[in-house]
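Below is one structure, written out as structure tokens; the observations come after it.
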Amino acid sequence: MDERERKDKQYDRAISLIQYYVQLTWLVYGAFLLAETVLLGAVAQIAKDQHELAIGGSILGLFLAIPWWASFKYNHSLYLLRMSEARACEPDTGTFFTSGGDIIGGKTIHDPAMGAISIPRLARFLRPARAVTWLIYIFAATYALIAWKCWK
């Protein structure tokens with residue numbers, strides 16, 4: 001196997017692993033989001049009448065935010081590693097990830113069939129990894145607020 005074939009194979013493996021980590025990240029994210037949403041609904045419902053139970057549920061929700069955040073950061077870091085490995089194979093094997101990095105960085109890609117392709121500034125700032133982190137913090141802050149209000 002020559003160097004070109006080795007790089008092509010490495011690039012294909014990196015792409016497969018990127019797909020795996022994207023799927024895994026969103027699967028874990030969805031499981032935590034569902035659990036946190038159901039728990040938050042229950043806590044909000046009982047907060048009117050049963051303050052002690054609402055405080056306990058809020059503390060549970062706060063504690064659940066920790067493994068949610070940790071699992072997201074863990075899987076996202078492995079995703080970034082695979083992206084880096086794929087980019088290391090470029091441009092010999094393609095430019096998919098380099099082009100993606102360019103557009104994320106604010107460049108506009110011009111395609112003859114599709115025209116100008118760009119990501120708006122706000123969307124670049126609140127890219128999915130940052131948006132997920134914000135959502136986890138918002139859930140944690142909501143639980144903290146409910147616990148604080150019920151404690152008073």
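Just so we're on the same page: first chain in the structure tokens is A, next is B, and so on; residues restart at 1 for each chain, and ligands are numbered from 1 in the order they show up.
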**OP:** For A:Trp148, list every protein, DNA or RNA residue within 12 Å, evaluated using only C-alpha atoms, and leave out those in the same chain fewer than 6 positions away; present the list as a PyMOL selection string.
**Re:** chain A and resi 47+51-52+54-56+58-59+141-142
Using C-alpha atoms, can you export the residues from the last selection as a PDB file, in the first residue's frame?
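Result file out_36.pdb:
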```
ATOM      1  CA  ALA A  47     -43.220  23.812  43.252  1.00  0.00           C
ATOM      2  CA  HIS A  51     -41.640  23.067  48.392  1.00  0.00           C
ATOM      3  CA  GLU A  52     -39.454  20.369  49.968  1.00  0.00           C
ATOM      4  CA  ALA A  54     -39.451  20.734  44.564  1.00  0.00           C
ATOM      5  CA  ILE A  55     -36.151  21.568  46.248  1.00  0.00           C
ATOM      6  CA  GLY A  56     -35.133  17.899  46.120  1.00  0.00           C
ATOM      7  CA  SER A  58     -34.228  20.833  41.674  1.00  0.00           C
ATOM      8  CA  ILE A  59     -31.106  19.512  43.359  1.00  0.00           C
ATOM      9  CA  ALA A 141     -29.852  27.948  36.445  1.00  0.00           C
ATOM     10  CA  THR A 142     -33.581  27.204  36.214  1.00  0.00           C
TER      11      THR A 142
END
```
Apply DSSP to the structure's backbone, then extract all residues of chain A labelled strand (DSSP E) and return them as a PDB file with N, CA and C atoms, in the first residue's frame.
```pdb
ATOM      1  N   ILE A 109     -17.992  30.738   0.758  1.00  0.00           N
ATOM      2  CA  ILE A 109     -17.627  29.797  -0.299  1.00  0.00           C
ATOM      3  C   ILE A 109     -18.562  30.062  -1.474  1.00  0.00           C
ATOM      4  N   HIS A 110     -18.001  30.183  -2.646  1.00  0.00           N
ATOM      5  CA  HIS A 110     -18.808  30.424  -3.841  1.00  0.00           C
ATOM      6  C   HIS A 110     -18.891  29.142  -4.649  1.00  0.00           C
ATOM      7  N   ASP A 111     -20.117  28.697  -4.857  1.00  0.00           N
ATOM      8  CA  ASP A 111     -20.378  27.488  -5.629  1.00  0.00           C
ATOM      9  C   ASP A 111     -21.145  27.893  -6.882  1.00  0.00           C
ATOM     10  N   GLY A 115     -24.405  29.237  -5.477  1.00  0.00           N
ATOM     11  CA  GLY A 115     -24.112  30.637  -5.170  1.00  0.00           C
ATOM     12  C   GLY A 115     -23.231  30.770  -3.944  1.00  0.00           C
ATOM     13  N   ALA A 116     -23.402  31.872  -3.232  1.00  0.00           N
ATOM     14  CA  ALA A 116     -22.587  32.138  -2.048  1.00  0.00           C
ATOM     15  C   ALA A 116     -23.112  31.341  -0.850  1.00  0.00           C
ATOM     16  N   ILE A 117     -22.202  30.684  -0.165  1.00  0.00           N
ATOM     17  CA  ILE A 117     -22.551  29.898   1.023  1.00  0.00           C
ATOM     18  C   ILE A 117     -21.769  30.484   2.190  1.00  0.00           C
TER      19      ILE A 117
END
```
**OP:** Tell me, as a PyMOL selection string, which residues lie within 10 Å of stretch 100-103 of chain A, counting only C-alpha atoms; anything in the same chain fewer than 5 positions away does not count.
**Re:** chain A and resi 83+87+95+108-109+117-120+124
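Proximity to A:Gly41 was assessed for A:Leu27, A:Ala113, A:Pro128, A:Gly57 counting only C-alpha atoms; the smallest distance is recorded for A:Gly57.
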**OP:** Might you pull out every residue within 8 Å of A:Thr93, with only C-alpha atoms counted and same-chain residues fewer than 3 positions away left off, and present them as number ranges by chain?
**Re:** A: 7-8, 11, 89-90
**OP:** For A:Ile136, list every protein, DNA or RNA residue within 9 Å, evaluated using only C-alpha atoms, and leave out those in the same chain fewer than 2 positions away; present the list as a PyMOL selection string.
**Re:** chain A and resi 33+65-66+68-69+131-134+138-141
Original post:
Which of these residues is nearest to A:Thr37, using only C-alpha atoms: A:Leu135, A:Arg6, A:Lys149, A:Tyr21?
Top reply: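 Checking each of A:Leu135, A:Arg6, A:Lys149, A:Tyr21 against A:Thr37, counting only C-alpha atoms, the winner is A:Leu135.
Taking only C-alpha atoms into account, A:Ile18 lies nearest to A:Tyr79 out of the set A:Asp2, A:Tyr79, A:Leu34, A:Gln50.
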**OP:** Could you tell me, as an MDAnalysis selection string, which residues of stretch 77-129 of chain A DSSP assigns to alpha helix (DSSP H) when given the backbone?
**Re:** chainID A and resid 77:89 96:104 121:125 128:129
